[in-house]
Every structure is written in C-alpha cells, then in structure tokens.
>>> print(open('query.pdb').read())   # PDB, C-alpha atoms and all ligand atoms
ATOM      1  CA  MET A 119     -13.770 -68.430 -64.342
ATOM      2  CA  ILE A 120     -15.959 -68.085 -61.299
ATOM      3  CA  THR A 121     -15.387 -65.187 -58.921
ATOM      4  CA  GLN A 122     -17.650 -66.268 -56.079
ATOM      5  CA  LYS A 123     -19.471 -69.297 -54.749
ATOM      6  CA  LYS A 124     -21.794 -70.417 -52.009
ATOM      7  CA  CYS A 125     -20.301 -72.226 -49.011
ATOM      8  CA  SER A 126     -21.945 -75.628 -48.694
ATOM      9  CA  LYS A 127     -21.601 -75.428 -44.917
ATOM     10  CA  CYS A 128     -22.707 -71.958 -43.824
ATOM     11  CA  GLY A 129     -24.580 -71.140 -47.043
ATOM     12  CA  VAL A 130     -23.017 -67.690 -47.439
ATOM     13  CA  VAL A 131     -21.998 -66.539 -50.937
ATOM     14  CA  LYS A 132     -18.363 -65.437 -50.739
ATOM     15  CA  PRO A 133     -15.598 -64.350 -53.156
ATOM     16  CA  ILE A 134     -13.606 -67.314 -54.450
ATOM     17  CA  GLU A 135     -10.463 -66.162 -52.577
ATOM     18  CA  GLU A 136     -12.247 -67.110 -49.369
ATOM     19  CA  PHE A 137     -12.139 -70.764 -50.354
ATOM     20  CA  TRP A 138      -8.954 -72.819 -50.129
ATOM     21  CA  LYS A 139      -7.589 -74.111 -53.366
ATOM     22  CA  ASN A 140      -7.911 -77.841 -53.879
ATOM     23  CA  LYS A 141      -7.089 -79.684 -57.058
ATOM     24  CA  HIS A 142      -9.743 -82.321 -56.377
ATOM     25  CA  GLY A 143     -12.557 -79.719 -56.154
ATOM     26  CA  LYS A 144     -14.812 -79.209 -59.174
ATOM     27  CA  ASP A 145     -13.728 -75.593 -59.636
ATOM     28  CA  GLY A 146     -10.300 -76.062 -58.098
ATOM     29  CA  HIS A 147     -11.490 -75.008 -54.653
ATOM     30  CA  LEU A 148     -13.020 -76.638 -51.587
ATOM     31  CA  ASN A 149     -16.790 -76.411 -51.130
ATOM     32  CA  HIS A 150     -16.426 -75.075 -47.578
ATOM     33  CA  CYS A 151     -15.247 -71.501 -47.059
ATOM     34  CA  ILE A 152     -11.981 -70.940 -45.174
ATOM     35  CA  ILE A 153     -13.773 -70.038 -41.946
ATOM     36  CA  CYS A 154     -15.877 -73.204 -42.059
ATOM     37  CA  SER A 155     -12.850 -75.292 -43.047
ATOM     38  CA  LYS A 156     -10.882 -73.943 -40.099
ATOM     39  CA  LYS A 157     -13.797 -74.538 -37.761
ATOM     40  CA  TYR A 158     -14.119 -78.084 -39.055
ATOM     41  CA  TYR A 159     -10.403 -78.663 -38.543
ATOM     42  CA  GLU A 160     -10.520 -77.253 -34.999
ATOM     43  CA  GLU A 161     -13.426 -79.523 -34.124
ATOM     44  CA  HIS A 162     -11.914 -82.666 -35.655
ATOM     45  CA  LYS A 163      -8.228 -81.926 -35.138
ATOM     46  CA  ASN A 164      -7.310 -85.103 -33.278
ATOM     47  CA  GLU A 165      -9.191 -87.345 -35.653
ATOM     48  CA  ILE A 166      -7.682 -85.687 -38.740
ATOM     49  CA  ASN A 167      -4.147 -85.736 -37.370
ATOM     50  CA  GLN A 168      -4.495 -89.356 -36.398
ATOM     51  CA  ARG A 169      -5.753 -90.212 -39.855
ATOM     52  CA  TYR A 170      -2.776 -88.457 -41.441
ATOM     53  CA  LYS A 171      -0.388 -90.135 -39.057
ATOM     54  CA  ARG A 172      -1.875 -93.546 -39.731
ATOM     55  CA  TYR A 173      -1.704 -92.947 -43.448
ATOM     56  CA  TYR A 174       1.912 -91.834 -43.142
ATOM     57  CA  ASP A 175       2.861 -94.850 -41.016
ATOM     58  CA  GLU A 176       1.273 -97.196 -43.533
ATOM     59  CA  HIS A 177       3.072 -95.580 -46.447
ATOM     60  CA  LYS A 178       6.276 -94.661 -44.676
ATOM     61  CA  ASN A 179       8.519 -96.865 -46.767
ATOM     62  CA  GLU A 180       7.021 -95.596 -50.010
ATOM     63  CA  TYR A 181       7.542 -92.015 -48.876
ATOM     64  CA  LYS A 182      11.115 -92.705 -47.928
ATOM     65  CA  GLN A 183      11.748 -94.558 -51.158
ATOM     66  CA  SER A 184      10.323 -91.835 -53.370
ATOM     67  CA  HIS A 185      12.128 -89.161 -51.366
ATOM     68  CA  LYS A 186      15.386 -91.047 -51.825
ATOM     69  CA  GLN A 187      14.738 -91.472 -55.529
ATOM     70  CA  TYR A 188      14.011 -87.768 -55.837
ATOM     71  CA  ARG A 189      17.229 -86.869 -54.046
ATOM     72  CA  GLU A 190      19.262 -89.174 -56.247
ATOM     73  CA  LYS A 191      17.660 -87.919 -59.439
ATOM     74  CA  HIS A 192      18.160 -84.257 -58.530
ATOM     75  CA  LYS A 193      21.500 -84.686 -56.770
ATOM     76  CA  ASP A 194      23.346 -82.056 -58.766
ATOM     77  CA  GLU A 195      20.518 -79.545 -58.578
ATOM     78  CA  ILE A 196      20.223 -79.968 -54.815
ATOM     79  CA  LYS A 197      23.960 -79.579 -54.430
ATOM     80  CA  LYS A 198      23.916 -76.421 -56.525
ATOM     81  CA  GLN A 199      20.965 -75.064 -54.605
ATOM     82  CA  LYS A 200      22.696 -75.635 -51.298
ATOM     83  CA  LYS A 201      25.841 -74.001 -52.583
ATOM     84  CA  ARG A 202      23.905 -71.011 -53.874
ATOM     85  CA  TYR A 203      22.153 -70.706 -50.526
ATOM     86  CA  ARG A 204      25.437 -70.837 -48.637
ATOM     87  CA  GLU A 205      26.892 -68.158 -50.870
ATOM     88  CA  GLU A 206      23.844 -65.931 -50.735
ATOM     89  CA  TYR A 207      23.589 -66.094 -46.952
ATOM     90  CA  LYS A 208      27.315 -66.269 -46.280
ATOM     91  CA  ASP A 209      27.352 -63.346 -43.879
ATOM     92  CA  GLU A 210      24.231 -64.444 -42.039
ATOM     93  CA  ILE A 211      25.571 -67.968 -41.574
ATOM     94  CA  LYS A 212      28.883 -66.596 -40.354
ATOM     95  CA  GLN A 213      27.111 -64.290 -37.955
ATOM     96  CA  CYS A 214      24.932 -67.108 -36.713
ATOM     97  CA  LYS A 215      27.888 -69.409 -36.090
ATOM     98  CA  LYS A 216      29.757 -66.640 -34.344
ATOM     99  CA  GLN A 217      26.808 -65.920 -32.093
ATOM    100  CA  TYR A 218      26.506 -69.599 -31.271
ATOM    101  CA  ARG A 219      30.184 -69.852 -30.391
ATOM    102  CA  GLU A 220      30.018 -66.781 -28.189
ATOM    103  CA  LYS A 221      26.912 -67.967 -26.435
ATOM    104  CA  HIS A 222      28.345 -71.455 -25.782
ATOM    105  CA  LYS A 223      31.971 -70.414 -25.323
ATOM    106  CA  ASP A 224      32.517 -72.117 -21.976
ATOM    107  CA  GLU A 225      30.761 -75.303 -23.012
ATOM    108  CA  ILE A 226      32.789 -75.570 -26.198
ATOM    109  CA  LYS A 227      36.017 -75.011 -24.310
ATOM    110  CA  LYS A 228      35.121 -77.630 -21.744
ATOM    111  CA  GLN A 229      34.127 -80.080 -24.437
ATOM    112  CA  ALA A 230      37.380 -79.590 -26.351
ATOM    113  CA  LYS A 231      39.358 -80.046 -23.141
ATOM    114  CA  ARG A 232      37.482 -83.211 -22.291
ATOM    115  CA  TYR A 233      37.969 -84.544 -25.813
ATOM    116  CA  HIS A 234      41.709 -83.914 -25.644
ATOM    117  CA  LYS A 235      41.975 -85.574 -22.280
ATOM    118  CA  GLU A 236      40.043 -88.636 -23.378
ATOM    119  CA  HIS A 237      41.857 -89.026 -26.687
ATOM    120  CA  ARG A 238      45.302 -87.896 -25.590
ATOM    121  CA  SER A 239      47.320 -90.900 -26.681
ATOM    122  CA  GLU A 240      45.416 -91.221 -29.932
ATOM    123  CA  LEU A 241      45.899 -87.524 -30.718
ATOM    124  CA  ASN A 242      49.578 -87.710 -29.817
ATOM    125  CA  GLN A 243      49.966 -90.697 -32.052
ATOM    126  CA  ARG A 244      48.254 -88.947 -34.914
ATOM    127  CA  HIS A 245      50.293 -85.810 -34.418
ATOM    128  CA  LYS A 246      53.530 -87.802 -34.420
ATOM    129  CA  GLN A 247      52.523 -89.553 -37.597
ATOM    130  CA  TYR A 248      51.635 -86.248 -39.242
ATOM    131  CA  TYR A 249      54.960 -84.772 -38.206
ATOM    132  CA  ARG A 250      56.844 -87.797 -39.544
ATOM    133  CA  THR A 251      55.264 -87.341 -42.973
ATOM    134  CA  LEU A 252      56.235 -83.659 -42.906
ATOM    135  CA  VAL A 253      59.830 -84.646 -42.157
ATOM    136  CA  LYS A 254      59.867 -87.353 -44.763
ATOM    137  CA  LYS A 255      58.443 -85.075 -47.463
ATOM    138  CA  LEU A 256      60.732 -82.218 -46.422
ATOM    139  CA  ASP A 257      57.587 -80.141 -46.236
ATOM    140  CA  ASP A 258      57.803 -76.346 -46.041
ATOM    141  CA  ILE A 259      56.453 -76.493 -42.479
ATOM    142  CA  TYR A 260      59.312 -78.741 -41.387
ATOM    143  CA  ILE A 261      61.939 -76.708 -43.202
ATOM    144  CA  LEU A 262      60.701 -73.475 -41.667
ATOM    145  CA  GLN A 263      60.914 -75.150 -38.301
ATOM    146  CA  ARG A 264      64.522 -76.161 -38.978
ATOM    147  CA  LEU A 265      65.297 -72.602 -40.023
ATOM    148  CA  GLY A 266      63.451 -71.231 -37.008
ATOM    149  CA  LEU A 267      61.654 -68.744 -39.235
ATOM    150  CA  LYS A 268      58.093 -67.838 -40.080
ATOM    151  CA  LYS A 269      56.744 -68.342 -43.564
ATOM    152  CA  SER A 270      55.975 -64.627 -44.024
ATOM    153  CA  GLN A 271      59.588 -63.609 -43.302
ATOM    154  CA  THR A 272      61.283 -66.323 -45.362
ATOM    155  CA  PRO A 273      62.038 -65.983 -49.079
ATOM    156  CA  LYS A 274      61.174 -68.997 -51.202
ATOM    157  CA  GLU A 275      64.770 -69.435 -52.316
ATOM    158  CA  LEU A 276      65.942 -69.889 -48.744
ATOM    159  CA  ILE A 277      63.404 -72.654 -48.200
ATOM    160  CA  GLU A 278      64.547 -74.346 -51.417
ATOM    161  CA  THR A 279      68.201 -74.067 -50.425
ATOM    162  CA  LYS A 280      67.586 -75.508 -46.990
ATOM    163  CA  ARG A 281      65.594 -78.328 -48.545
ATOM    164  CA  LEU A 282      68.473 -79.126 -50.874
ATOM    165  CA  GLN A 283      70.922 -79.081 -47.983
ATOM    166  CA  LEU A 284      68.792 -81.509 -46.013
ATOM    167  CA  GLN A 285      68.456 -83.730 -49.063
ATOM    168  CA  ILE A 286      72.226 -83.855 -49.491
ATOM    169  CA  LYS A 287      72.685 -84.639 -45.824
ATOM    170  CA  ARG A 288      70.247 -87.489 -46.094
ATOM    171  CA  TYR A 289      71.900 -88.765 -49.212
ATOM    172  CA  MET A 290      75.342 -88.731 -47.586
ATOM    173  CA  LYS A 291      74.041 -90.598 -44.584
ATOM    174  CA  GLU A 292      72.592 -93.247 -46.835
ATOM    175  CA  VAL A 293      75.762 -93.590 -48.870
ATOM    176  CA  THR A 294      78.038 -93.995 -45.856
ATOM    177  CA  ALA A 295      75.679 -96.621 -44.504
ATOM    178  CA  TRP A 296      76.252 -98.828 -47.538
ATOM    179  CA  PRO A 297      78.620-101.736 -46.969
ATOM    180  CA  LEU A 298      81.981-101.408 -48.666
ATOM    181  CA  LEU A 299      82.213-103.332 -51.867
ATOM    182  CA  PRO A 300      84.945-105.957 -51.925
ATOM    183  CA  ASN A 301      87.905-105.159 -54.145
TER     184      ASN A 301
HETATM  185 ZN    ZN B   1     -18.781 -71.270 -44.761
END
>>> encode(input="query.pdb", output="structure tokens", more="lines below")
Ligand SMILES: [Zn+2]
Amino acid sequence: MITQKKCSKCGVVKPIEEFWKNKHGKDGHLNHCIICSKKYYEEHKNEINQRYKRYYDEHKNEYKQSHKQYREKHKDEIKKQKKRYREEYKDEIKQCKKQYREKHKDEIKKQAKRYHKEHRSELNQRHKQYYRTLVKKLDDIYILQRLGLKKSQTPKELIETKRLQLQIKRYMKEVTAWPLLPN
C-alpha cells in the first residue's frame, strides 16, 4: 500500500491522507491533492453544480424509482431503525416538541381556535356521533357520566352494576313497545 504520492496539479509529494478517496482512481485516491481539488472546485463551482444538476434532472425518474425500490425492499429495517431512533432520543424529541410548543404557544392557540370556528358544525356532528356510540355500547365513559363519578373513585363492580341496570331498563322499554299478541 502506498503511503504518499505526488499531486498531478501542484507537483508536491504529500502523504496519501491528503488526497480524497475515490474508487475510480488507480490507487483508490484522486490524483489531485485535497488543496488542489478544493481550489479546482472553487474555481469551477457553477459549472460543476450545473453539471450535477443536469445529470440529476436527466436521471430523476431512475433515482426516484431506485429510491422507492430500496425503501420497499428495506421497509422493515427502516421501520425498525426509525423506532430505535425514536426510543433512543425519546427525551430529546420530547424536549424539542415542548420547546416548539412553548415558543409558538400563541400561534397554536389561535390556530386551534380558528380551526374550531371553521369546522364547528362538523366537529359537533362528529362529537354527537361519538357520544351516540358510547351510549349504545354502554361504554364506561357513559356509565361514569350517568353515575356522576370519576373513574378513579369508582369501583369496577359499581360500573358493572349500573351497566346491568341500564341494560334491564332498555330491555323493558323494548318489551313494552312490542304489540300485544292476539289471544
Ligand atoms: Zn496539489
């Protein structure tokens, strides 16, 4: 393995670490040293960027396609990675969200207010529907409401008993609504 080489631009012999790695280079490195490479980039920045951009535009669909394929092929891995990241940085993410909320408190409030105002009838409708399903299911929330108690202060048995009572009531109502059978 070589430890140094001569820059083909400035002609100075330099340690190999002062050349950027490049898999197309003969020895796995560029022939220009980093300083000369940077200088070249600075001098031809616009041209180089344009070339890259043009190349990207021409191959955009291929890029997108291969990116999509990659995502599909590694779906589970990506999902796991994201999950791991969320778990690892749980506190930081929480902190970040909190900071954002505090910083934009007024905006968020205003936005929520505006949203409610604009979607009032829709929200009311949805709330009514939600409540109806709670009633129909004899959900704990509804039963607690009927009892006028909070969940934390109500034993499970009481909820069950109240539910049974309401069921019986409903049943009786249904039965008395049946037409009388002829003798
Ligand atoms: Zn050089």
>>> resolve_selection(input="query.pdb", expression="the PyMOL selection byres (((not hetatm)) within 6 of (chain B and resi 1))", output="number ranges by chain")
A: 125, 127-128, 150-151, 153-154
>>> axis_aligned_box(input="query.pdb", around="segment 186-204 of chain A", padding_each_side="4 Å", output="AutoDock Vina command-line options")
--center_x 19.9 --center_y -81.1 --center_z -54.0 --size_x 19.8 --size_y 28.8 --size_z 18.8
>>> atom_distance(input="query.pdb", atom1="atom CA of Ile261 of chain A", atom2="atom CA of Tyr249 of chain A")
11.8 Å
>>> residues_around(input="query.pdb", residues="Leu267 of chain A", least_positions_apart="5", cutoff="12 Å", atoms="only C-alpha atoms", output="PyMOL selection string")
chain A and resi 258-262+272-274+276-277+280
>>> atom_distance(input="query.pdb", atom1="atom CA of Glu225 of chain A", atom2="atom CA of His237 of chain A")
18.0 Å
>>> resolve_selection(input="query.pdb", expression="the PyMOL selection byres (((chain A and resi 133) around 7) and not hetatm)", output="tab-separated table (two decimals) with C-alpha atoms, in the frame of the given file")
chain	number	residue	atom	x	y	z
A	121	THR	CA	-15.39	-65.19	-58.92
A	122	GLN	CA	-17.65	-66.27	-56.08
A	123	LYS	CA	-19.47	-69.30	-54.75
A	132	LYS	CA	-18.36	-65.44	-50.74
A	134	ILE	CA	-13.61	-67.31	-54.45
A	135	GLU	CA	-10.46	-66.16	-52.58
A	136	GLU	CA	-12.25	-67.11	-49.37
>>> build_atoms(input="query.pdb", residues="segment 208-232 of chain A", atoms="N, CA and C atoms", output="PDB file, keeping the file's coordinate frame")
ATOM      1  N   LYS A 208      25.994 -66.084 -46.879  1.00  0.00           N
ATOM      2  CA  LYS A 208      27.315 -66.269 -46.280  1.00  0.00           C
ATOM      3  C   LYS A 208      27.452 -65.501 -44.967  1.00  0.00           C
ATOM      4  N   ASP A 209      27.159 -64.203 -45.043  1.00  0.00           N
ATOM      5  CA  ASP A 209      27.352 -63.346 -43.879  1.00  0.00           C
ATOM      6  C   ASP A 209      26.435 -63.731 -42.731  1.00  0.00           C
ATOM      7  N   GLU A 210      25.187 -64.062 -43.076  1.00  0.00           N
ATOM      8  CA  GLU A 210      24.231 -64.444 -42.039  1.00  0.00           C
ATOM      9  C   GLU A 210      24.677 -65.727 -41.337  1.00  0.00           C
ATOM     10  N   ILE A 211      25.135 -66.686 -42.140  1.00  0.00           N
ATOM     11  CA  ILE A 211      25.571 -67.968 -41.574  1.00  0.00           C
ATOM     12  C   ILE A 211      26.771 -67.749 -40.655  1.00  0.00           C
ATOM     13  N   LYS A 212      27.693 -66.922 -41.131  1.00  0.00           N
ATOM     14  CA  LYS A 212      28.883 -66.596 -40.354  1.00  0.00           C
ATOM     15  C   LYS A 212      28.484 -65.973 -39.021  1.00  0.00           C
ATOM     16  N   GLN A 213      27.585 -65.017 -39.130  1.00  0.00           N
ATOM     17  CA  GLN A 213      27.111 -64.290 -37.955  1.00  0.00           C
ATOM     18  C   GLN A 213      26.463 -65.261 -36.965  1.00  0.00           C
ATOM     19  N   CYS A 214      25.664 -66.145 -37.530  1.00  0.00           N
ATOM     20  CA  CYS A 214      24.932 -67.108 -36.713  1.00  0.00           C
ATOM     21  C   CYS A 214      25.890 -68.031 -35.978  1.00  0.00           C
ATOM     22  N   LYS A 215      26.896 -68.515 -36.693  1.00  0.00           N
ATOM     23  CA  LYS A 215      27.888 -69.409 -36.090  1.00  0.00           C
ATOM     24  C   LYS A 215      28.659 -68.686 -34.990  1.00  0.00           C
ATOM     25  N   LYS A 216      29.002 -67.447 -35.301  1.00  0.00           N
ATOM     26  CA  LYS A 216      29.757 -66.640 -34.344  1.00  0.00           C
ATOM     27  C   LYS A 216      28.949 -66.459 -33.063  1.00  0.00           C
ATOM     28  N   GLN A 217      27.688 -66.113 -33.237  1.00  0.00           N
ATOM     29  CA  GLN A 217      26.808 -65.920 -32.093  1.00  0.00           C
ATOM     30  C   GLN A 217      26.716 -67.196 -31.266  1.00  0.00           C
ATOM     31  N   TYR A 218      26.603 -68.313 -31.968  1.00  0.00           N
ATOM     32  CA  TYR A 218      26.506 -69.599 -31.271  1.00  0.00           C
ATOM     33  C   TYR A 218      27.769 -69.861 -30.452  1.00  0.00           C
ATOM     34  N   ARG A 219      28.908 -69.623 -31.093  1.00  0.00           N
ATOM     35  CA  ARG A 219      30.184 -69.852 -30.391  1.00  0.00           C
ATOM     36  C   ARG A 219      30.315 -68.966 -29.162  1.00  0.00           C
ATOM     37  N   GLU A 220      29.899 -67.702 -29.316  1.00  0.00           N
ATOM     38  CA  GLU A 220      30.018 -66.781 -28.189  1.00  0.00           C
ATOM     39  C   GLU A 220      29.095 -67.177 -27.050  1.00  0.00           C
ATOM     40  N   LYS A 221      27.907 -67.601 -27.443  1.00  0.00           N
ATOM     41  CA  LYS A 221      26.912 -67.967 -26.435  1.00  0.00           C
ATOM     42  C   LYS A 221      27.338 -69.230 -25.680  1.00  0.00           C
ATOM     43  N   HIS A 222      27.989 -70.167 -26.391  1.00  0.00           N
ATOM     44  CA  HIS A 222      28.345 -71.455 -25.782  1.00  0.00           C
ATOM     45  C   HIS A 222      29.843 -71.595 -25.571  1.00  0.00           C
ATOM     46  N   LYS A 223      30.512 -70.457 -25.426  1.00  0.00           N
ATOM     47  CA  LYS A 223      31.971 -70.414 -25.323  1.00  0.00           C
ATOM     48  C   LYS A 223      32.492 -71.409 -24.291  1.00  0.00           C
ATOM     49  N   ASP A 224      31.990 -71.294 -23.075  1.00  0.00           N
ATOM     50  CA  ASP A 224      32.517 -72.117 -21.976  1.00  0.00           C
ATOM     51  C   ASP A 224      32.294 -73.598 -22.235  1.00  0.00           C
ATOM     52  N   GLU A 225      31.089 -73.911 -22.692  1.00  0.00           N
ATOM     53  CA  GLU A 225      30.761 -75.303 -23.012  1.00  0.00           C
ATOM     54  C   GLU A 225      31.724 -75.888 -24.040  1.00  0.00           C
ATOM     55  N   ILE A 226      31.931 -75.113 -25.102  1.00  0.00           N
ATOM     56  CA  ILE A 226      32.789 -75.570 -26.198  1.00  0.00           C
ATOM     57  C   ILE A 226      34.208 -75.814 -25.698  1.00  0.00           C
ATOM     58  N   LYS A 227      34.675 -74.876 -24.881  1.00  0.00           N
ATOM     59  CA  LYS A 227      36.017 -75.011 -24.310  1.00  0.00           C
ATOM     60  C   LYS A 227      36.119 -76.281 -23.487  1.00  0.00           C
ATOM     61  N   LYS A 228      35.131 -76.473 -22.628  1.00  0.00           N
ATOM     62  CA  LYS A 228      35.121 -77.630 -21.744  1.00  0.00           C
ATOM     63  C   LYS A 228      35.111 -78.915 -22.563  1.00  0.00           C
ATOM     64  N   GLN A 229      34.269 -78.903 -23.586  1.00  0.00           N
ATOM     65  CA  GLN A 229      34.127 -80.080 -24.437  1.00  0.00           C
ATOM     66  C   GLN A 229      35.452 -80.416 -25.118  1.00  0.00           C
ATOM     67  N   ALA A 230      36.105 -79.389 -25.650  1.00  0.00           N
ATOM     68  CA  ALA A 230      37.380 -79.590 -26.351  1.00  0.00           C
ATOM     69  C   ALA A 230      38.410 -80.142 -25.379  1.00  0.00           C
ATOM     70  N   LYS A 231      38.414 -79.602 -24.160  1.00  0.00           N
ATOM     71  CA  LYS A 231      39.358 -80.046 -23.141  1.00  0.00           C
ATOM     72  C   LYS A 231      39.123 -81.520 -22.818  1.00  0.00           C
ATOM     73  N   ARG A 232      37.841 -81.831 -22.623  1.00  0.00           N
ATOM     74  CA  ARG A 232      37.482 -83.211 -22.291  1.00  0.00           C
ATOM     75  C   ARG A 232      37.906 -84.148 -23.420  1.00  0.00           C
TER      76      ARG A 232
END
